[in-house]
Structure formats: structure tokens, C-alpha cells
Amino acid sequence: MNLGKHRKSKAYWKENLKYLCILLLIWFAVSYGAGILFKDALNSIRIGGFKLGFWFAQQGAIYVFVVLIFVYVYLMNKLDAKYGYDEE
Amino acid sequence: MADAQVWTYVLVLLSFGLYIGIAIWSRASSTKEFYVAGGGVSPLANGMATAADWMSAASFISMAGIISFAGYDGSVYLMGWTGGYVLLALLLAPYLRKFGKFTVPDFIGERYYSKTARIVAVFCALIVSFTYVAGQMRGVGIVFSRYLEVDIETGVILGMVIVLFYAVLGGMKGITYTQVAQYCVLIFAFMVPAIFISIQMTGNPIPQLGMGDTLSDGSGTYLLDKLDGLSTELGFAAYTDGSKSIADVFAITLALMAGTAGLPHVIVRFFTVKRVRDARKSAGLALLFIAILYTTAPAVAVFARTNLIETVSGEEYDNMPQWFKNWEATGLISHTDKNGDGKIQYVADAKTNELTVDRDIMVLANPEIANLPAWVIGLIAAGGLAAALSTAAGLLLVISSSVSHDLIKNVLKPDLTEKGELWAARISAAGAVIVAGYFGINPPGFVAAVVALAFGLAAASFFPAIILGIFYKKMNSSGAIAGMLAGISLMLFYMAKFKLGWIGELPSKEEWWFGISPEGFGTIAMLVNFVVALLVNRFTEEVPKEVQDMVENIRIPSGVGQAVEH
């Protein structure tokens, strides 16, 4: 019983870490990637009055951050339910 | 101006009455209510309170102005102060909520099973919070003095009395619900002028879109292109380009993000919700509420910058509009006619430039520049005060709980009763308000310079210790303490040497290590903290079994109820 519980929490943690890696990769890509490192290259693309790299640095990255957290909330609520950690 | 002043008095007094009413309604009767508002705050309320807690006088008054002078370089603040919430939501908030308890030193002390670790954490929390809170009290004083024409001292004292009232009486509970009200006041005050100006300049009512829209003069030119053109014409860097090095922009952004995630007054807000899932959700809501202001600020920056250049550049000084004269009287904008032609030369070259503009003017004078009604001006004052007071209150609570809970109850006098601890908390909150007020009235010259570095300090001290504490269960006490001490001392040293010039003469930019400014150095100090912690960990004691079990336990979201019981 105890061993099963231990295995369950290990599996839960592993899936959690997988989500974290993917979401943080996107977090890094939109801010440090698009907004800083590749800003100049992206600036040759334009959306309306915005140069794309500039837009990511001052607008886009922030929108993506908000979406990322809500995606994480959704994924984790589903994961909690899958492992039965959602009872209160 | 008289009209605006009446509105300012009315709106400021109304908002203060609201805060005091809330404080009386939400008095704290136990230490749990005082430290974490009883632990039953809804995610929505916590999201708003976190947003107000987080957005300080600097976010409200100064940020748009900084961006409008820095252009692309200002992005470090936009990304840095929002991206930290992703780290907070994904890496810290859920686990710290599961851990329960009251303060960040609580976590450090128990996770690293050591009184020394707790004391080091208290020391770091106090340094970070005091540097930050002095700036807030100063902000309160400045807003009062500019809009209500009282002197800064009176303004600071008024602010102290208000904060004292609700922080001492209500603790976290009073602070939480006043912060909810303060968020509403500040976001309304920020958005109204932004929307008005966006419509005036681009015909687009949404500032975030207006910023990338064409000008409403029918020329079909994009606003940003126009501003790039104006800037380069006057010898400045193109607005959308910036002039900082990529490495420095990268380092500053990372230091601000990790610092945000490591700031004790923000972290502690996530102790106030009921369940782990509420902690995650309220982090998302907090960022959503923050993002409303943070995506509007760069738009305000572009509008204000364009407006300013078009109004002043090459124009006759005698033809300047009334707002120019009003703010000239406060010293925030000044003109010296160097070449004696009666016109204003506003250029990048310091030798021929005739105009100096304080960056705060971009938000403070915005309603006048855009000819908005008098009540909007009053609104800005109420909003600026809400932003400064809400942040000050959150910081004061961290200071008071560090002293009463972590130092007195857990280290000096463990047999203190619940009632005694509540009194200790109230007295230390009052003491902290007085110290903060003193620094607000007599700011040591270095306060303004180091407020921005509070983030570097938080990144260099707490962030690695907490992350390792959660994600690496074999991380031991010696390693964590060594890491925190190495990180914060390196950061303090770099600040003293390269920002304050306390060690020898202030070195030039060329001497910065790796070309990284003091603002970005938190990133390096944070890496040093990680490396030292992991190295020392390799050669020192094994982590006790029960601590490893505790770490496994905080990774599982269910069963929060038991964790909170002492």
C-alpha cells in the first residue's frame, strides 16, 4: 500500500516536471528568444505598425505569459484528478 | 488648476475613507489572520490583492516614463516584472502553499532544518523589504506634494498614519481587502487617461492596439514609424531599437524575473488562499490583472513621447501650453535657452540640448498634456497613492512577521503565547512604519539608486534556496546557507562598487564584469548562489530522512488542511 502510494506520487511528479519543461521552454522562447536574442531578425517582419521583435518584447511576451499560467492551471487540475489528488 | 485640486481632494479623501472602512471591517483576531488573512482568501480576491501588492509607485508613476525615454530598452521591465509570475506560478506558489506556515523564512528554516538558515533568511527579507519600502513612502510624499501642495514630510506622515491604521489593526486580513480596493482604484486611474489619449492620437480606443495603429491625422503613417523618425532626427536611438547590449538586456530581464519570484511580500500572498489549486489560479489571475497595466504602459510611453517631442521640439518657448508652465514650476521640466533663439532645442547631444524632462512627468502630466477633464487629474493622484500604499503595506507585513514570527517566536522566545505573538506582530508593524516613514522623509542618497536592486538581492538570495528546496530533495542546510550568503554578499559588493561607488571611485561602464550592469548583476549572483550551494552540498552532510519526506509531501497538492495545523 505504502509502496503503491510512493510510486503514484513519483509518477505524478514526473508528469508535472514534463509540463514544467514544456511550458518554461515556451516562456523562454517568447521573452529571451523572440524579444531579445532574435529581436533584430524578427524586426524585419511587421504586423501593422509593430516590428515583430519589438512587439514580442513590449506586448506579445506578456500575453503569452498569462496564457501559459492558465494552461498550467488547466493541465495540473486535470493531472490532480487523474491521480486522485483533487479531493479536499 | 483649482478645479483639478478640488477633484483631487475629493477623490483622495473618498479612497482613503474606503480603505479605513475596510480596515475596521476586517480586523485580525489571531496570528493566523494577522499573517495570512486566515488562509481562506478567494483566488479572485488574492489575484487582485497580489496585483496591487506588486504594482508599486514605480509601476504606476515611473514605468511608462522610463520606457518612453528608453524605448526598446524599457522592455526589460515589461518582460522582467511579468515573466517572474510564470516562475512563481509554476515553480514556487503551489509548493509553498502546500507547505503552509506563514513566512518565507519559515520555509527556509524548516526545509533546511536550521535556525541559522532561518536567521539568514530573515536578514535577507529585511534588507530586500526595507530598500523597497522606503521608496514607496517617498512616492506617497511626492504624490501628495505635487497634487495637494502640502510638503513632502506632511505627505509621508499622512501616508504613514493610513498604513499604520490598517496594517496594525488588520494585519494581512486588512491589507488583503484594502489591496483589492486599491487595485480597482489604480487600474481605473491608469486606464482612463490612456484610453482617452489613444483615441485622440490614433482613433483606436484600445491603447495596446493604438500603439501599433496609424495616426488619426489621416496621413496613414504608423505611430511607431513616426516616433522612430522623430527620435533619429533629434539624434536619439530609434525608439524600437534601443542601445543596451543584448547580454545586459538578457541579464537584467532574468534578474528582474527571478527577483520577482523571490520577493517575500509577493510569495507570502500565496499563503493566504485555501488550496494548492487556488494558489495556481490566483497566480494566473494576478498576472492577468498586472498585464492590463503592463501592456498599457508601453502604449502610454509611445503616446507621451510623441506628444512631448511634437509639442516642444523647435517651438517658441513663449508659445508653450499651460501644462508646460505648471510643471516647470515644480522643477520636473526645465528649459535653458543655450543658443538664445527663443526656441526649444530638444536633442540627444547634451551640449546643445536645452530641455530636461523628469520621466515621472509622462504619467503625472499626461492628462494635462492631452487636455483631459479635471477629474482625470484627481484620479491620477488617487491611483498613485493606491499603488504606493498597497505595496508599502505588503512590505511592512513582511518586515513585521519576520521580526515577530521568525525572530521572536521561533528563535528568541519560543514559549510566547498566541496573544503575545499577535501583540509582537502589531508592535513590529508599527515600528516598521515609523522606520519606513523616517527614510521616506530623510531618504539616504542611495535609496533611489538601490530600490531597483532589491530585485537583484531577492534573486541572489531567496530564489535559488527555494527552488533547490523544492526541486532537489537532497539539498542540505550547509549548501543552502553558503549559497544564500555567497549570493547576497556578492550582490551587495557589486552594488557598493559599481552603483554606489563606496569602494574606491565609481568605475566606468567599461569595467562592469562581463559587461553586465548592476541592475542585471542579480543574474550572475544568482548563478553563483546555485553553484556554491550545489558544490558545498556535495561535500557536506546528508539531508535527514524526515526532511526528504517533507519535500516529497509538498510536491503532492492534496492534504493542505493538515499542513497548516501547527
# chains A, B, ... in the order shown; residues from 1 in each chain; ligands from 1

$ interface_residues --of "chain B" --to "chain A" --cutoff "9 Å" --atoms "only C-alpha atoms" --output "count of residues only"
56

$ residues_around --residues "Ile175 of chain B" --least-positions-apart "5" --cutoff "8 Å" --atoms "only C-alpha atoms" --output "list in words"
Ala23, Tyr166, Ala167, Gly170, Ser390, Ala393 and Gly394 of chain B

$ residues_around --residues "segment 524-538 of chain B" --least-positions-apart "4" --cutoff "7 Å" --atoms "only C-alpha atoms" --output "PyMOL selection string"
chain B and resi 459-460+464+475-476+478-480+482-484+486-487+490-491

$ atom_distance --atom1 "atom CA of Leu453 of chain B" --atom2 "atom CA of Asn366 of chain B"
27.9 Å

$ select_by_dssp --residues "segment 334-455 of chain B" --states "helix (DSSP H, G or I)" --output "PyMOL selection string"
chain B and resi 361-364+366-369+374-412+418-441+447-451+454-455

$ atom_distance --atom1 "atom CA of Ile162 of chain B" --atom2 "atom CA of Leu11 of chain B"
15.4 Å

$ residues_around --residues "segment 349-364 of chain B" --least-positions-apart "5" --cutoff "7 Å" --atoms "only C-alpha atoms" --output "PyMOL selection string"
chain B and resi 61-62+64-66+304+332-338+344+380

$ write_last_selection --atoms "N, CA and C atoms" --output "short mmCIF file (atom, residue, chain, number, x, y, z; two decimals), in the first residue's frame"
data_model
loop_
_atom_site.label_atom_id
_atom_site.label_comp_id
_atom_site.auth_asym_id
_atom_site.auth_seq_id
_atom_site.Cartn_x
_atom_site.Cartn_y
_atom_site.Cartn_z
N ILE B 61 3.70 55.30 -11.49
CA ILE B 61 4.14 56.64 -11.85
C ILE B 61 5.31 56.63 -12.82
N SER B 62 6.32 55.78 -12.53
CA SER B 62 7.59 55.94 -13.25
C SER B 62 7.75 55.05 -14.48
N ALA B 64 6.03 53.92 -17.20
CA ALA B 64 5.74 54.39 -18.56
C ALA B 64 6.74 55.47 -18.98
N GLY B 65 7.11 56.33 -18.03
CA GLY B 65 8.08 57.38 -18.33
C GLY B 65 9.45 56.81 -18.65
N ILE B 66 9.88 55.81 -17.87
CA ILE B 66 11.18 55.19 -18.13
C ILE B 66 11.19 54.61 -19.53
N ALA B 304 3.01 59.46 -25.07
CA ALA B 304 3.54 60.60 -24.34
C ALA B 304 4.81 61.13 -25.00
N LEU B 332 10.10 69.78 -12.61
CA LEU B 332 10.18 68.49 -13.30
C LEU B 332 10.50 68.64 -14.77
N ILE B 333 10.30 69.84 -15.28
CA ILE B 333 10.66 70.09 -16.67
C ILE B 333 11.37 71.45 -16.66
N SER B 334 12.48 71.56 -17.39
CA SER B 334 13.14 72.86 -17.36
C SER B 334 13.83 73.15 -18.69
N HIS B 335 13.93 74.42 -18.99
CA HIS B 335 14.46 74.84 -20.28
C HIS B 335 15.50 75.95 -20.09
N THR B 336 16.68 75.75 -20.68
CA THR B 336 17.66 76.83 -20.69
C THR B 336 17.96 77.15 -22.15
N ASP B 337 17.71 78.38 -22.52
CA ASP B 337 17.88 78.75 -23.93
C ASP B 337 19.35 78.99 -24.24
N LYS B 338 20.08 77.89 -24.55
CA LYS B 338 21.53 77.99 -24.70
C LYS B 338 21.94 78.86 -25.88
N ILE B 344 12.89 75.98 -28.37
CA ILE B 344 13.34 74.86 -27.54
C ILE B 344 14.05 73.83 -28.41
N ILE B 380 -5.52 60.43 -11.15
CA ILE B 380 -4.11 60.02 -11.19
C ILE B 380 -3.52 60.08 -9.79
#

$ residues_around --residues "segment 109-118 of chain B" --least-positions-apart "5" --cutoff "7 Å" --atoms "only C-alpha atoms" --output "VMD selection string"
chain B and resid 469 476 to 477 481 547

$ residues_around --residues "segment 134-146 of chain B" --least-positions-apart "6" --cutoff "6 Å" --atoms "only C-alpha atoms" --output "PyMOL selection string"
chain B and resi 57+152+155-156+385+388+392+436+439-440

$ write_last_selection --atoms "all heavy atoms" --output "tab-separated table (two decimals), in the first residue's frame"
chain	number	residue	atom	x	y	z
B	57	ALA	N	4.48	52.34	-6.55
B	57	ALA	CA	4.53	53.69	-7.09
B	57	ALA	C	5.37	53.71	-8.36
B	57	ALA	O	5.08	54.44	-9.31
B	57	ALA	CB	5.12	54.64	-6.05
B	152	ILE	N	6.47	67.47	1.31
B	152	ILE	CA	6.68	66.03	1.25
B	152	ILE	C	6.57	65.39	2.63
B	152	ILE	O	5.97	64.33	2.79
B	152	ILE	CB	8.06	65.73	0.61
B	152	ILE	CG1	8.00	66.11	-0.87
B	152	ILE	CG2	8.43	64.27	0.77
B	152	ILE	CD1	9.13	65.60	-1.71
B	155	GLY	N	3.08	64.86	3.62
B	155	GLY	CA	2.55	63.79	2.79
B	155	GLY	C	2.95	62.42	3.31
B	155	GLY	O	2.12	61.52	3.43
B	156	VAL	N	4.24	62.27	3.63
B	156	VAL	CA	4.72	60.99	4.13
B	156	VAL	C	4.02	60.64	5.44
B	156	VAL	O	3.58	59.51	5.66
B	156	VAL	CB	6.25	61.01	4.33
B	156	VAL	CG1	6.71	59.75	5.05
B	156	VAL	CG2	6.96	61.15	3.00
B	385	LEU	N	-1.40	57.07	-5.22
B	385	LEU	CA	-1.39	56.80	-3.78
B	385	LEU	C	-1.80	55.35	-3.50
B	385	LEU	O	-1.20	54.68	-2.66
B	385	LEU	CB	-2.34	57.75	-3.05
B	385	LEU	CG	-1.83	59.19	-2.95
B	385	LEU	CD1	-2.91	60.11	-2.42
B	385	LEU	CD2	-0.59	59.24	-2.06
B	388	ALA	N	1.19	53.13	-4.22
B	388	ALA	CA	2.27	53.22	-3.24
B	388	ALA	C	1.86	52.62	-1.90
B	388	ALA	O	2.61	51.85	-1.29
B	388	ALA	CB	2.69	54.68	-3.05
B	392	ALA	N	3.48	49.38	0.05
B	392	ALA	CA	4.09	49.64	1.35
B	392	ALA	C	3.50	48.72	2.41
B	392	ALA	O	4.23	48.11	3.20
B	392	ALA	CB	3.87	51.10	1.74
B	436	ALA	N	10.16	53.16	8.12
B	436	ALA	CA	9.94	53.43	6.70
B	436	ALA	C	9.63	54.90	6.47
B	436	ALA	O	10.12	55.52	5.53
B	436	ALA	CB	8.80	52.56	6.17
B	439	PHE	N	12.74	57.04	6.63
B	439	PHE	CA	13.52	57.01	5.39
B	439	PHE	C	12.79	57.71	4.26
B	439	PHE	O	13.42	58.20	3.33
B	439	PHE	CB	13.86	55.57	4.99
B	439	PHE	CG	14.97	55.00	5.81
B	439	PHE	CD1	14.78	53.83	6.54
B	439	PHE	CD2	16.20	55.63	5.87
B	439	PHE	CE1	15.81	53.30	7.30
B	439	PHE	CE2	17.22	55.11	6.64
B	439	PHE	CZ	17.02	53.95	7.36
B	440	GLY	N	11.45	57.75	4.34
B	440	GLY	CA	10.70	58.47	3.32
B	440	GLY	C	10.94	59.97	3.42
B	440	GLY	O	11.04	60.67	2.43

$ residues_around --residues "segment 416-419 of chain B" --least-positions-apart "3" --cutoff "10 Å" --atoms "only C-alpha atoms" --output "list in words"
Ser29, Ser30, Thr31, Lys32, His405, Ile408, Lys409, Asn410, Leu412, Lys413, Leu422, Trp423, Ala424 and Ala425 of chain B

$ select_by_dssp --residues "segment 311-350 of chain B" --states "strand (DSSP E or B)" --output "number ranges by chain"
B: 316, 333-335, 343

$ closest_residue --among "B:Leu468, B:Ile309, B:Ala194, B:Ala70" --to "Gly229 of chain B" --atoms "only C-alpha atoms"
B:Ile309

$ atom_distance --atom1 "atom CA of Ser517 of chain B" --atom2 "atom CA of Gly84 of chain B"
19.6 Å

$ closest_residue --among "A:Ala11, A:Leu42, A:Ile26, A:Cys21" --to "Lys82 of chain A" --atoms "only C-alpha atoms"
A:Ala11

$ closest_residue --among "B:Tyr177, B:Tyr132, B:Trp54, B:Phe462" --to "Ile399 of chain B" --atoms "only C-alpha atoms"
B:Tyr132
